[in-house]
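A.B. asks: Contents of work-v1.tsv (TSV, C-alpha atoms and all ligand atoms) are given next:
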```
chain	number	residue	atom	x	y	z
N	1	MET	CA	107.27	63.12	83.21
N	2	ILE	CA	109.80	65.51	84.72
N	3	ARG	CA	112.51	63.55	86.54
N	4	VAL	CA	113.46	65.32	89.78
N	5	GLY	CA	116.34	64.56	92.14
N	6	ILE	CA	116.62	66.03	95.64
N	7	ASN	CA	120.10	66.60	97.06
N	8	GLY	CA	119.86	67.18	100.82
N	9	TYR	CA	117.02	65.46	102.63
N	10	GLY	CA	116.49	67.52	105.76
N	11	THR	CA	113.75	69.94	106.81
N	12	ILE	CA	113.17	71.41	103.35
N	13	GLY	CA	114.34	68.48	101.19
N	14	LYS	CA	112.03	65.88	102.71
N	15	ARG	CA	109.02	68.14	102.27
N	16	VAL	CA	109.90	68.99	98.67
N	17	ALA	CA	110.37	65.26	97.97
N	18	ASP	CA	106.82	64.50	99.16
N	19	ALA	CA	105.42	67.43	97.19
N	20	VAL	CA	107.21	66.30	94.00
N	21	ALA	CA	106.00	62.72	94.51
N	22	ALA	CA	102.43	64.06	94.69
N	23	GLN	CA	102.61	65.77	91.24
N	24	ASP	CA	101.27	63.76	88.31
N	25	ASP	CA	103.72	65.34	85.85
N	26	MET	CA	106.82	64.60	87.98
N	27	GLU	CA	108.78	61.54	88.99
N	28	LEU	CA	111.00	61.57	92.08
N	29	VAL	CA	114.22	59.91	90.92
N	30	GLY	CA	115.56	59.79	94.46
N	31	VAL	CA	117.04	61.70	97.36
N	32	ALA	CA	120.65	62.11	98.43
N	33	LYS	CA	121.64	61.99	102.09
N	34	THR	CA	124.91	62.27	103.98
N	35	ARG	CA	124.01	60.07	106.97
N	36	PRO	CA	121.78	57.07	107.67
N	37	ASN	CA	119.78	58.93	110.33
N	38	PHE	CA	116.03	58.92	111.00
N	39	GLU	CA	115.36	60.92	107.86
N	40	ALA	CA	117.15	58.29	105.76
N	41	GLU	CA	114.86	55.75	107.42
N	42	THR	CA	111.87	57.93	106.45
N	43	ALA	CA	112.98	58.04	102.80
N	44	VAL	CA	113.37	54.26	102.75
N	45	SER	CA	109.97	53.72	104.34
N	46	LYS	CA	108.37	55.94	101.69
N	47	GLY	CA	110.06	53.93	98.94
N	48	TYR	CA	112.26	56.82	97.75
N	49	PRO	CA	115.53	55.62	96.19
N	50	LEU	CA	118.35	56.80	98.44
N	51	TYR	CA	121.69	58.05	97.10
N	52	ALA	CA	124.83	58.67	99.13
N	53	ALA	CA	125.69	62.38	99.05
N	54	ILE	CA	129.27	61.64	100.07
N	55	GLU	CA	130.62	58.47	98.44
N	56	GLU	CA	133.11	57.68	101.25
N	57	ARG	CA	130.18	57.37	103.63
N	58	LEU	CA	128.56	54.50	101.70
N	59	PRO	CA	129.72	51.94	104.31
N	60	LEU	CA	127.76	53.85	106.99
N	61	PHE	CA	124.57	53.13	105.08
N	62	GLU	CA	125.56	49.49	104.55
N	63	ASP	CA	126.28	49.13	108.28
N	64	ALA	CA	122.84	50.57	109.02
N	65	GLY	CA	121.27	48.01	106.68
N	66	ILE	CA	120.06	50.67	104.24
N	67	ASP	CA	120.21	49.92	100.51
N	68	VAL	CA	121.69	52.75	98.47
N	69	ALA	CA	120.87	53.24	94.78
N	70	GLY	CA	124.18	54.98	94.00
N	71	GLY	CA	126.20	58.10	94.59
N	72	VAL	CA	124.89	61.65	94.26
N	73	GLU	CA	126.42	62.06	90.80
N	74	ASP	CA	124.26	59.16	89.54
N	75	LEU	CA	121.23	61.02	90.89
N	76	VAL	CA	122.23	64.27	89.21
N	77	GLU	CA	122.85	62.52	85.91
N	78	ALA	CA	119.47	60.74	85.98
N	79	SER	CA	117.51	63.94	86.80
N	80	ASP	CA	116.06	66.63	84.53
N	81	VAL	CA	116.25	69.06	87.46
N	82	VAL	CA	117.91	68.82	90.87
N	83	VAL	CA	116.54	70.52	93.95
N	84	ASP	CA	119.49	71.31	96.21
N	85	ALA	CA	118.23	71.48	99.79
N	86	CYS	CA	121.60	71.23	101.52
N	87	PRO	CA	122.56	73.49	104.43
N	88	SER	CA	123.46	77.12	103.56
N	89	GLY	CA	126.67	77.35	101.57
N	90	ILE	CA	126.80	73.69	100.53
N	91	GLY	CA	124.65	74.44	97.49
N	92	ALA	CA	127.39	76.75	96.21
N	93	GLU	CA	129.90	73.91	96.59
N	94	ASN	CA	127.62	71.61	94.58
N	95	LYS	CA	127.16	74.03	91.68
N	96	SER	CA	130.05	72.71	89.57
N	97	MET	CA	128.67	69.17	89.85
N	98	TYR	CA	125.31	70.27	88.42
N	99	ASP	CA	127.13	72.11	85.62
N	100	GLU	CA	129.20	69.03	84.86
N	101	TYR	CA	126.05	66.99	84.19
N	102	ASP	CA	124.28	69.92	82.52
N	103	THR	CA	121.42	69.53	85.00
N	104	PRO	CA	119.54	72.69	85.98
N	105	ALA	CA	119.56	73.22	89.74
N	106	LEU	CA	117.30	74.93	92.24
N	107	TYR	CA	118.91	76.22	95.43
N	108	GLN	CA	117.36	77.43	98.67
N	109	GLY	CA	117.28	80.78	100.43
N	110	GLY	CA	120.42	80.13	102.45
N	111	GLU	CA	122.55	80.54	99.32
N	112	ASP	CA	123.72	83.94	98.10
N	113	ALA	CA	121.66	85.62	95.41
N	114	ASP	CA	124.74	86.10	93.25
N	115	LEU	CA	125.23	82.31	93.00
N	116	VAL	CA	122.28	82.07	90.61
N	117	ASP	CA	120.79	83.49	87.43
N	118	VAL	CA	117.40	84.17	89.02
N	119	SER	CA	115.91	84.43	92.51
N	120	PHE	CA	112.40	82.98	92.38
N	121	ASN	CA	108.95	83.39	93.84
N	122	ALA	CA	106.15	81.74	91.87
N	123	ARG	CA	103.55	84.47	92.32
N	124	SER	CA	105.97	87.31	91.60
N	125	ASN	CA	108.40	86.35	88.81
N	126	PHE	CA	107.65	82.81	87.56
N	127	ALA	CA	108.47	83.49	83.90
N	128	GLU	CA	111.96	84.88	84.65
N	129	ALA	CA	113.21	81.40	85.59
N	130	GLU	CA	112.46	79.81	82.22
N	131	GLY	CA	115.62	78.34	80.72
N	132	ALA	CA	117.82	79.31	83.69
N	133	ASP	CA	120.45	76.82	84.84
N	134	HIS	CA	120.68	78.06	88.43
N	135	VAL	CA	117.66	79.36	90.32
N	136	ARG	CA	117.32	80.25	94.01
N	137	VAL	CA	113.94	79.76	95.67
N	138	VAL	CA	114.05	82.63	98.15
N	139	SER	CA	113.89	82.08	101.91
N	140	CYS	CA	110.76	81.46	103.96
N	141	ASN	CA	110.50	85.11	105.02
N	142	THR	CA	111.21	86.52	101.55
N	143	THR	CA	108.65	84.11	100.08
N	144	GLY	CA	106.07	85.29	102.60
N	145	LEU	CA	106.77	88.95	101.86
N	146	SER	CA	106.83	88.49	98.07
N	147	ARG	CA	103.48	86.71	98.03
N	148	LEU	CA	101.96	89.58	99.97
N	149	LEU	CA	103.63	92.44	98.12
N	150	ALA	CA	102.99	91.16	94.56
N	151	PRO	CA	99.21	91.71	94.53
N	152	LEU	CA	99.52	94.99	96.48
N	153	GLN	CA	102.09	96.30	94.01
N	154	GLU	CA	100.01	95.26	91.00
N	155	GLU	CA	96.69	96.56	92.30
N	156	TYR	CA	97.61	99.73	94.20
N	157	GLY	CA	101.33	100.43	93.76
N	158	VAL	CA	103.68	100.40	96.76
N	159	LYS	CA	105.26	103.67	97.91
N	160	LYS	CA	107.18	102.04	100.71
N	161	ALA	CA	107.04	98.84	102.73
N	162	ARG	CA	108.24	98.71	106.35
N	163	VAL	CA	108.36	95.30	107.98
N	164	THR	CA	109.51	94.06	111.39
N	165	LEU	CA	110.20	90.33	111.30
N	166	VAL	CA	109.88	88.52	114.61
N	167	ARG	CA	111.77	85.37	113.83
N	168	ARG	CA	111.68	81.97	115.49
N	169	GLY	CA	115.03	81.14	117.10
N	170	GLY	CA	115.26	77.75	115.38
N	171	ASP	CA	113.17	74.96	113.90
N	172	PRO	CA	111.72	72.40	116.37
N	173	GLY	CA	114.47	69.91	115.50
N	174	GLN	CA	117.28	72.46	115.87
N	175	THR	CA	118.04	71.80	119.52
N	176	GLY	CA	121.22	73.84	119.46
N	177	ARG	CA	119.63	77.14	118.42
N	178	GLY	CA	118.37	80.00	120.52
N	179	PRO	CA	117.81	82.31	122.25
N	180	ILE	CA	116.10	80.27	124.97
N	181	ASN	CA	115.31	83.21	127.24
N	182	ASP	CA	115.80	86.51	125.48
N	183	ILE	CA	114.45	88.88	122.85
N	184	LEU	CA	117.13	89.93	120.41
N	185	PRO	CA	117.20	92.76	117.91
N	186	ASN	CA	118.78	90.62	115.18
N	187	PRO	CA	120.55	92.10	113.39
N	188	VAL	CA	120.76	95.15	115.61
N	189	THR	CA	121.63	97.31	112.59
N	190	LEU	CA	119.32	98.21	109.72
N	191	PRO	CA	118.34	96.83	107.33
N	192	SER	CA	117.99	93.14	108.11
N	193	HIS	CA	118.92	91.04	105.06
N	194	HIS	CA	115.25	90.48	104.23
N	195	GLY	CA	114.63	93.83	102.53
N	196	PRO	CA	117.56	93.48	100.10
N	197	ASP	CA	116.45	89.89	99.54
N	198	VAL	CA	112.94	91.06	98.58
N	199	ASN	CA	114.69	93.37	96.10
N	200	THR	CA	116.10	90.32	94.30
N	201	ILE	CA	112.47	89.63	93.35
N	202	PHE	CA	111.22	93.25	93.09
N	203	PRO	CA	114.32	95.30	92.16
N	204	ASP	CA	112.57	98.69	92.37
N	205	LEU	CA	110.50	98.16	95.50
N	206	ASN	CA	111.15	100.59	98.35
N	207	ILE	CA	111.37	98.43	101.49
N	208	ASP	CA	112.94	98.67	104.96
N	209	THR	CA	113.09	95.60	107.18
N	210	LEU	CA	114.07	95.09	110.83
N	211	GLY	CA	114.68	91.68	112.38
N	212	MET	CA	114.23	90.24	115.86
N	213	LYS	CA	114.76	86.74	117.24
N	214	VAL	CA	112.65	85.22	119.99
N	215	PRO	CA	112.56	81.93	121.91
N	216	ALA	CA	110.01	80.19	119.68
N	217	THR	CA	110.21	77.39	117.13
N	218	LEU	CA	106.79	77.24	115.52
N	219	MET	CA	106.60	80.13	113.04
N	220	HIS	CA	107.84	83.62	112.18
N	221	THR	CA	105.54	86.62	112.62
N	222	HIS	CA	105.71	89.77	110.50
N	223	SER	CA	104.42	93.16	111.55
N	224	VAL	CA	103.77	94.79	108.19
N	225	ASN	CA	103.19	98.40	107.14
N	226	VAL	CA	102.84	99.14	103.43
N	227	GLN	CA	102.31	102.68	102.24
N	228	LEU	CA	100.24	102.47	99.06
N	229	GLU	CA	100.01	104.72	95.98
N	230	ALA	CA	96.26	104.24	95.54
N	231	VAL	CA	94.16	104.21	98.71
N	232	PRO	CA	91.77	101.25	99.04
N	233	THR	CA	89.50	100.47	101.99
N	234	ALA	CA	90.54	97.72	104.39
N	235	GLU	CA	87.66	95.67	102.98
N	236	GLU	CA	89.03	96.02	99.44
N	237	VAL	CA	92.45	94.86	100.64
N	238	ARG	CA	90.81	91.85	102.32
N	239	GLU	CA	89.11	90.91	99.06
N	240	LEU	CA	92.32	91.30	97.07
N	241	LEU	CA	94.42	89.21	99.45
N	242	GLY	CA	91.65	86.67	100.05
N	243	ALA	CA	91.62	85.85	96.32
N	244	GLU	CA	95.28	84.72	96.42
N	245	SER	CA	95.63	80.95	96.69
N	246	ARG	CA	98.68	81.03	98.99
N	247	LEU	CA	97.40	83.71	101.35
N	248	PHE	CA	95.12	82.45	104.12
N	249	LEU	CA	93.10	85.13	105.86
N	250	VAL	CA	92.62	83.82	109.39
N	251	PRO	CA	88.98	84.54	110.24
N	252	GLU	CA	88.27	86.33	113.51
N	253	LYS	CA	85.65	83.70	114.45
N	254	TYR	CA	88.33	80.97	114.57
N	255	ALA	CA	89.83	82.67	117.65
N	256	ILE	CA	93.36	81.79	116.55
N	257	ASP	CA	95.59	84.04	118.64
N	258	GLY	CA	99.04	82.90	117.56
N	259	ALA	CA	101.30	80.30	115.98
N	260	GLY	CA	100.38	77.59	118.51
N	261	LYS	CA	96.72	77.55	117.49
N	262	LEU	CA	97.65	77.89	113.80
N	263	LYS	CA	99.67	74.68	114.13
N	264	GLU	CA	96.78	72.99	115.96
N	265	PHE	CA	94.51	74.08	113.12
N	266	ALA	CA	96.93	72.56	110.59
N	267	MET	CA	97.03	69.30	112.55
N	268	ASP	CA	93.24	69.24	112.81
N	269	HIS	CA	93.19	69.51	109.02
N	270	GLY	CA	95.51	66.51	108.74
N	271	ARG	CA	98.36	68.53	107.27
N	272	PRO	CA	101.54	66.43	106.85
N	273	ARG	CA	104.07	67.41	109.55
N	274	ALA	CA	101.54	70.11	110.63
N	275	ASP	CA	102.75	72.13	107.65
N	276	ILE	CA	101.23	75.48	106.74
N	277	TRP	CA	102.17	76.30	103.16
N	278	GLU	CA	100.17	79.55	103.12
N	279	ASN	CA	100.92	82.97	104.64
N	280	CYS	CA	98.55	83.29	107.62
N	281	ILE	CA	97.24	86.86	107.70
N	282	TRP	CA	95.04	87.82	110.63
N	283	ASP	CA	91.92	89.12	108.91
N	284	GLN	CA	91.06	91.61	111.64
N	285	SER	CA	94.60	93.01	111.62
N	286	ILE	CA	94.14	94.35	108.06
N	287	SER	CA	93.74	98.09	108.60
N	288	MET	CA	94.08	101.27	106.55
N	289	GLU	CA	95.21	104.51	108.21
N	290	ASP	CA	95.30	107.16	105.45
N	291	ASP	CA	97.49	105.55	102.78
N	292	ASP	CA	99.13	103.11	105.21
N	293	LEU	CA	98.14	99.45	105.24
N	294	TYR	CA	98.88	97.50	108.42
N	295	LEU	CA	98.64	93.78	109.10
N	296	PHE	CA	100.17	90.83	110.94
N	297	GLN	CA	101.10	87.62	109.20
N	298	ALA	CA	102.63	84.35	110.40
N	299	ILE	CA	104.92	82.30	108.19
N	300	HIS	CA	105.66	78.60	108.65
N	301	GLN	CA	109.37	78.61	107.95
N	302	GLU	CA	109.66	74.87	107.34
N	303	SER	CA	107.05	74.62	104.62
N	304	ASP	CA	106.02	77.83	102.80
N	305	VAL	CA	108.84	77.43	100.25
N	306	VAL	CA	107.75	73.89	99.34
N	307	PRO	CA	105.08	74.71	96.70
N	308	GLU	CA	107.50	77.36	95.36
N	309	ASN	CA	110.14	74.68	94.71
N	310	VAL	CA	107.60	72.59	92.79
N	311	ASP	CA	106.67	75.59	90.64
N	312	ALA	CA	110.32	76.46	90.07
N	313	ILE	CA	110.85	72.98	88.58
N	314	ARG	CA	108.20	73.65	85.92
N	315	ALA	CA	109.39	77.22	85.46
N	316	VAL	CA	113.00	76.35	84.56
N	317	LEU	CA	111.87	73.72	82.06
N	318	GLY	CA	109.13	75.93	80.58
N	319	ALA	CA	106.71	73.08	81.37
N	320	ALA	CA	103.79	75.35	82.35
N	321	ASP	CA	102.93	78.99	82.83
N	322	ARG	CA	102.54	80.53	86.27
N	323	GLU	CA	98.82	80.04	86.67
N	324	GLU	CA	98.78	76.46	85.42
N	325	SER	CA	101.76	75.47	87.54
N	326	MET	CA	100.52	77.09	90.76
N	327	THR	CA	97.09	75.49	90.31
N	328	ARG	CA	98.57	72.04	89.63
N	329	THR	CA	100.91	72.33	92.61
N	330	ASP	CA	98.19	73.55	94.94
N	331	ASP	CA	95.69	70.89	93.86
N	332	ALA	CA	98.19	68.04	94.19
N	333	MET	CA	99.41	69.18	97.63
N	334	GLY	CA	96.10	70.42	98.99
N	335	VAL	CA	97.20	74.04	99.42
N	336	GLY	CA	94.38	76.31	100.65
N	337	PHE	CA	92.24	75.87	103.79
N	401	LIG	P1	118.62	70.87	107.26
N	401	LIG	O1	119.88	70.89	108.02
N	401	LIG	O2	117.35	70.52	107.96
N	401	LIG	O3	118.74	69.86	106.03
N	401	LIG	C1	119.87	69.82	105.20
N	401	LIG	C2	120.14	68.37	104.86
N	401	LIG	O4	121.24	68.30	103.96
N	401	LIG	C3	120.52	67.55	106.09
N	401	LIG	O5	119.81	66.32	106.03
N	401	LIG	C4	122.03	67.32	105.93
N	401	LIG	O6	122.44	66.09	106.48
N	401	LIG	C5	122.14	67.29	104.41
N	401	LIG	N1	123.49	67.58	103.90
N	401	LIG	C6	124.53	68.18	104.51
N	401	LIG	N2	125.59	68.25	103.68
N	401	LIG	C7	125.21	67.67	102.52
N	401	LIG	C8	125.85	67.42	101.28
N	401	LIG	N3	127.11	67.80	101.06
N	401	LIG	N4	125.15	66.78	100.31
N	401	LIG	C9	123.87	66.41	100.50
N	401	LIG	N5	123.21	66.62	101.66
N	401	LIG	C10	123.87	67.25	102.65
N	401	LIG	O7	118.50	72.28	106.55
N	401	LIG	P2	117.17	72.97	106.00
N	401	LIG	O8	116.52	73.71	107.11
N	401	LIG	O9	116.38	71.99	105.22
N	401	LIG	O10	117.82	74.09	105.06
N	401	LIG	C11	118.22	73.80	103.74
N	401	LIG	C12	118.24	75.09	102.95
N	401	LIG	O11	116.92	75.63	102.95
N	401	LIG	C13	119.15	76.20	103.50
N	401	LIG	O12	119.61	76.97	102.41
N	401	LIG	C14	118.19	77.03	104.32
N	401	LIG	O13	118.64	78.36	104.48
N	401	LIG	C15	116.95	76.95	103.46
N	401	LIG	N6	115.69	77.21	104.17
N	401	LIG	C16	115.47	76.70	105.41
N	401	LIG	C17	114.29	76.98	106.06
N	401	LIG	C18	114.00	76.50	107.44
N	401	LIG	O14	113.33	77.18	108.19
N	401	LIG	N7	114.44	75.34	107.85
N	401	LIG	C19	113.31	77.75	105.42
N	401	LIG	C20	113.53	78.19	104.11
N	401	LIG	C21	114.74	77.92	103.50
```
Before we go any further, please render this structure as structure tokens.
Ligand code: NAD

C.D. replies:
Amino acid sequence: MIRVGINGYGTIGKRVADAVAAQDDMELVGVAKTRPNFEAETAVSKGYPLYAAIEERLPLFEDAGIDVAGGVEDLVEASDVVVDACPSGIGAENKSMYDEYDTPALYQGGEDADLVDVSFNARSNFAEAEGADHVRVVSCNTTGLSRLLAPLQEEYGVKKARVTLVRRGGDPGQTGRGPINDILPNPVTLPSHHGPDVNTIFPDLNIDTLGMKVPATLMHTHSVNVQLEAVPTAEEVRELLGAESRLFLVPEKYAIDGAGKLKEFAMDHGRPRADIWENCIWDQSISMEDDDLYLFQAIHQESDVVPENVDAIRAVLGAADREESMTRTDDAMGVGF
């Protein structure tokens, strides 16, 4: 059994914890939290051992009547791998602690690429993470783009990708984020950070990205144009993408017109937290104009990186190859509609 600790139990950490607990080759050692808030209560109710991320705050947990199994260093020491799901920048501060206990660590997309040995996407570069001490599971948007570009690159070759990312202003729980009534070019200069981030996975890929921010919380939406070396039909592209386990081609007959109905669909399917782990590509948007592929995809920012974290755990330990790991992860979580 692979012993996994989760440091940072917020939006990403709590989802990764559940996904790890669902794997039959992994044991969740526990989760570290800074505050005894509702998420600490959730961890307790699920029976996950809770560790105090900041030792001086132990009394806060005691006052809240929450039993704590120890401090975060105990968690790191007891784990074969730690998933750091702390807010952006805190992972970098934690790095020396993971080194001290010789525990490999996975960080999230909010950390800088140069913090780590490898930036990771399961479909695109699984094997590169084997034996690495510090691995970054790339952001929600970069994960969504990498999953899409990997099969296109392998099958047809990519001359150039051009993507406009229409990004949600904040997650549903992020009440302080915005905009609440505007449409922002964000950043207003080119490129947005997403293109260079995709290049941490595909160093030679030619990609330009533009970002916008809108008053929405549910999902991101990408308007994608990929100029291909070989020229397939739209139908051939549909078949290629439809065969990928983490790409969901939204059928026209479902009449799903946006993120709201996608989330309804996820809830109808009993998805935990209405999560959508797959890229949602509108089937009828897939079009070829000469050598240009066009499509729209929606990305659920809070959950698409979750199966990737599970795979990264096996990847760093060399516990499985890409195909075996992705299949195990998907089967245990129920990925695929
Ligand atoms: P979050 O704020 O929801 O959760 C972070 C958790 O870490 C919180 O519970 C916070 O209390 C806790 N924390 C703060 N300081 C800590 C410390 N020193 N030790 C341990 N825990 C600490 O943030 P999130 O959205 O889960 O983001 C985490 C990382 O994942 C970031 O790098 C972010 O960029 C990345 N990410 C976020 C999303 C998203 O849409 N939410 C998507 C992909 C990647």

A.B. asks: Between N:Asp182, N:Glu244, N:Asp112, N:Glu229, single out the one closest to ligand LIG 401 (chain N), counting only C-alpha atoms and all ligand atoms.

C.D. replies: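 Closest residue, counting only C-alpha atoms and all ligand atoms: N:Asp112.
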
A.B. asks: Give me, as a ChimeraX atom specification, all polymer residues having an atom no more than 12 Å from stretch 266-272 of chain N, counting only C-alpha atoms and skipping those fewer than 2 positions away in the same chain.

C.D. replies: /N:14-16,18-19,218,248,256,259-264,274-278,280,300,302-303,333-337

A.B. asks: Listing only residues of chain N within 6 Å of ligand LIG 401 (chain N), what is the closest atom pair and its distance in Å (to one decimal) for each, using only C-alpha atoms and all ligand atoms, sorted by chain and residue number ascending, as a Markdown table?

C.D. replies:
```
| residue | atom | partner | partner_atom | distance |
| --- | --- | --- | --- | --- |
| N:Asn7 | CA | N:LIG401 | C9 | 5.1 |
| N:Gly8 | CA | N:LIG401 | N5 | 3.5 |
| N:Tyr9 | CA | N:LIG401 | O5 | 4.5 |
| N:Gly10 | CA | N:LIG401 | O3 | 3.3 |
| N:Thr11 | CA | N:LIG401 | O9 | 3.7 |
| N:Ile12 | CA | N:LIG401 | O9 | 3.8 |
| N:Gly13 | CA | N:LIG401 | O9 | 5.7 |
| N:Ala32 | CA | N:LIG401 | C9 | 5.8 |
| N:Lys33 | CA | N:LIG401 | N5 | 4.9 |
| N:Thr34 | CA | N:LIG401 | O6 | 5.2 |
| N:Ala53 | CA | N:LIG401 | N4 | 4.6 |
| N:Ala85 | CA | N:LIG401 | C11 | 4.6 |
| N:Cys86 | CA | N:LIG401 | O4 | 3.8 |
| N:Pro87 | CA | N:LIG401 | C11 | 4.4 |
| N:Ser88 | CA | N:LIG401 | O12 | 4.0 |
| N:Ile90 | CA | N:LIG401 | N3 | 5.9 |
| N:Gln108 | CA | N:LIG401 | O12 | 4.4 |
| N:Gly109 | CA | N:LIG401 | O12 | 4.9 |
| N:Gly110 | CA | N:LIG401 | O13 | 3.2 |
| N:Glu111 | CA | N:LIG401 | O12 | 5.6 |
| N:Ser139 | CA | N:LIG401 | C20 | 4.5 |
| N:Cys140 | CA | N:LIG401 | C20 | 4.3 |
| N:Gln301 | CA | N:LIG401 | O14 | 4.2 |
| N:Glu302 | CA | N:LIG401 | O14 | 4.4 |
```

A.B. asks: List every protein, DNA or RNA residue that has an atom no more than 12 Å from (124.7, 64.0, 86.2) in the file's coordinate frame, counting all atoms listed in the file, and report them as a tab-separated table (two decimals) with C-alpha atoms, in the coordinates of the input.

C.D. replies:
```tsv
chain	number	residue	atom	x	y	z
N	4	VAL	CA	113.46	65.32	89.78
N	5	GLY	CA	116.34	64.56	92.14
N	70	GLY	CA	124.18	54.98	94.00
N	71	GLY	CA	126.20	58.10	94.59
N	72	VAL	CA	124.89	61.65	94.26
N	73	GLU	CA	126.42	62.06	90.80
N	74	ASP	CA	124.26	59.16	89.54
N	75	LEU	CA	121.23	61.02	90.89
N	76	VAL	CA	122.23	64.27	89.21
N	77	GLU	CA	122.85	62.52	85.91
N	78	ALA	CA	119.47	60.74	85.98
N	79	SER	CA	117.51	63.94	86.80
N	80	ASP	CA	116.06	66.63	84.53
N	81	VAL	CA	116.25	69.06	87.46
N	82	VAL	CA	117.91	68.82	90.87
N	94	ASN	CA	127.62	71.61	94.58
N	95	LYS	CA	127.16	74.03	91.68
N	96	SER	CA	130.05	72.71	89.57
N	97	MET	CA	128.67	69.17	89.85
N	98	TYR	CA	125.31	70.27	88.42
N	99	ASP	CA	127.13	72.11	85.62
N	100	GLU	CA	129.20	69.03	84.86
N	101	TYR	CA	126.05	66.99	84.19
N	102	ASP	CA	124.28	69.92	82.52
N	103	THR	CA	121.42	69.53	85.00
N	104	PRO	CA	119.54	72.69	85.98
N	105	ALA	CA	119.56	73.22	89.74
```

A.B. asks: Nearest to N:Leu247 among N:Asp304, N:Phe120, N:Phe202, N:Ala234, with distances taken over all atoms listed in the file: which residue is it?

C.D. replies: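 Ranked by minimum distance to N:Leu247, first place goes to N:Asp304.
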
A.B. asks: Could you check which of N:Val138, N:Thr189, N:Tyr48, N:Thr217 is closest to N:Gly176, using only C-alpha atoms?

C.D. replies: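 Between N:Val138, N:Thr189, N:Tyr48, N:Thr217, the residue approaching N:Gly176 most closely is N:Thr217.
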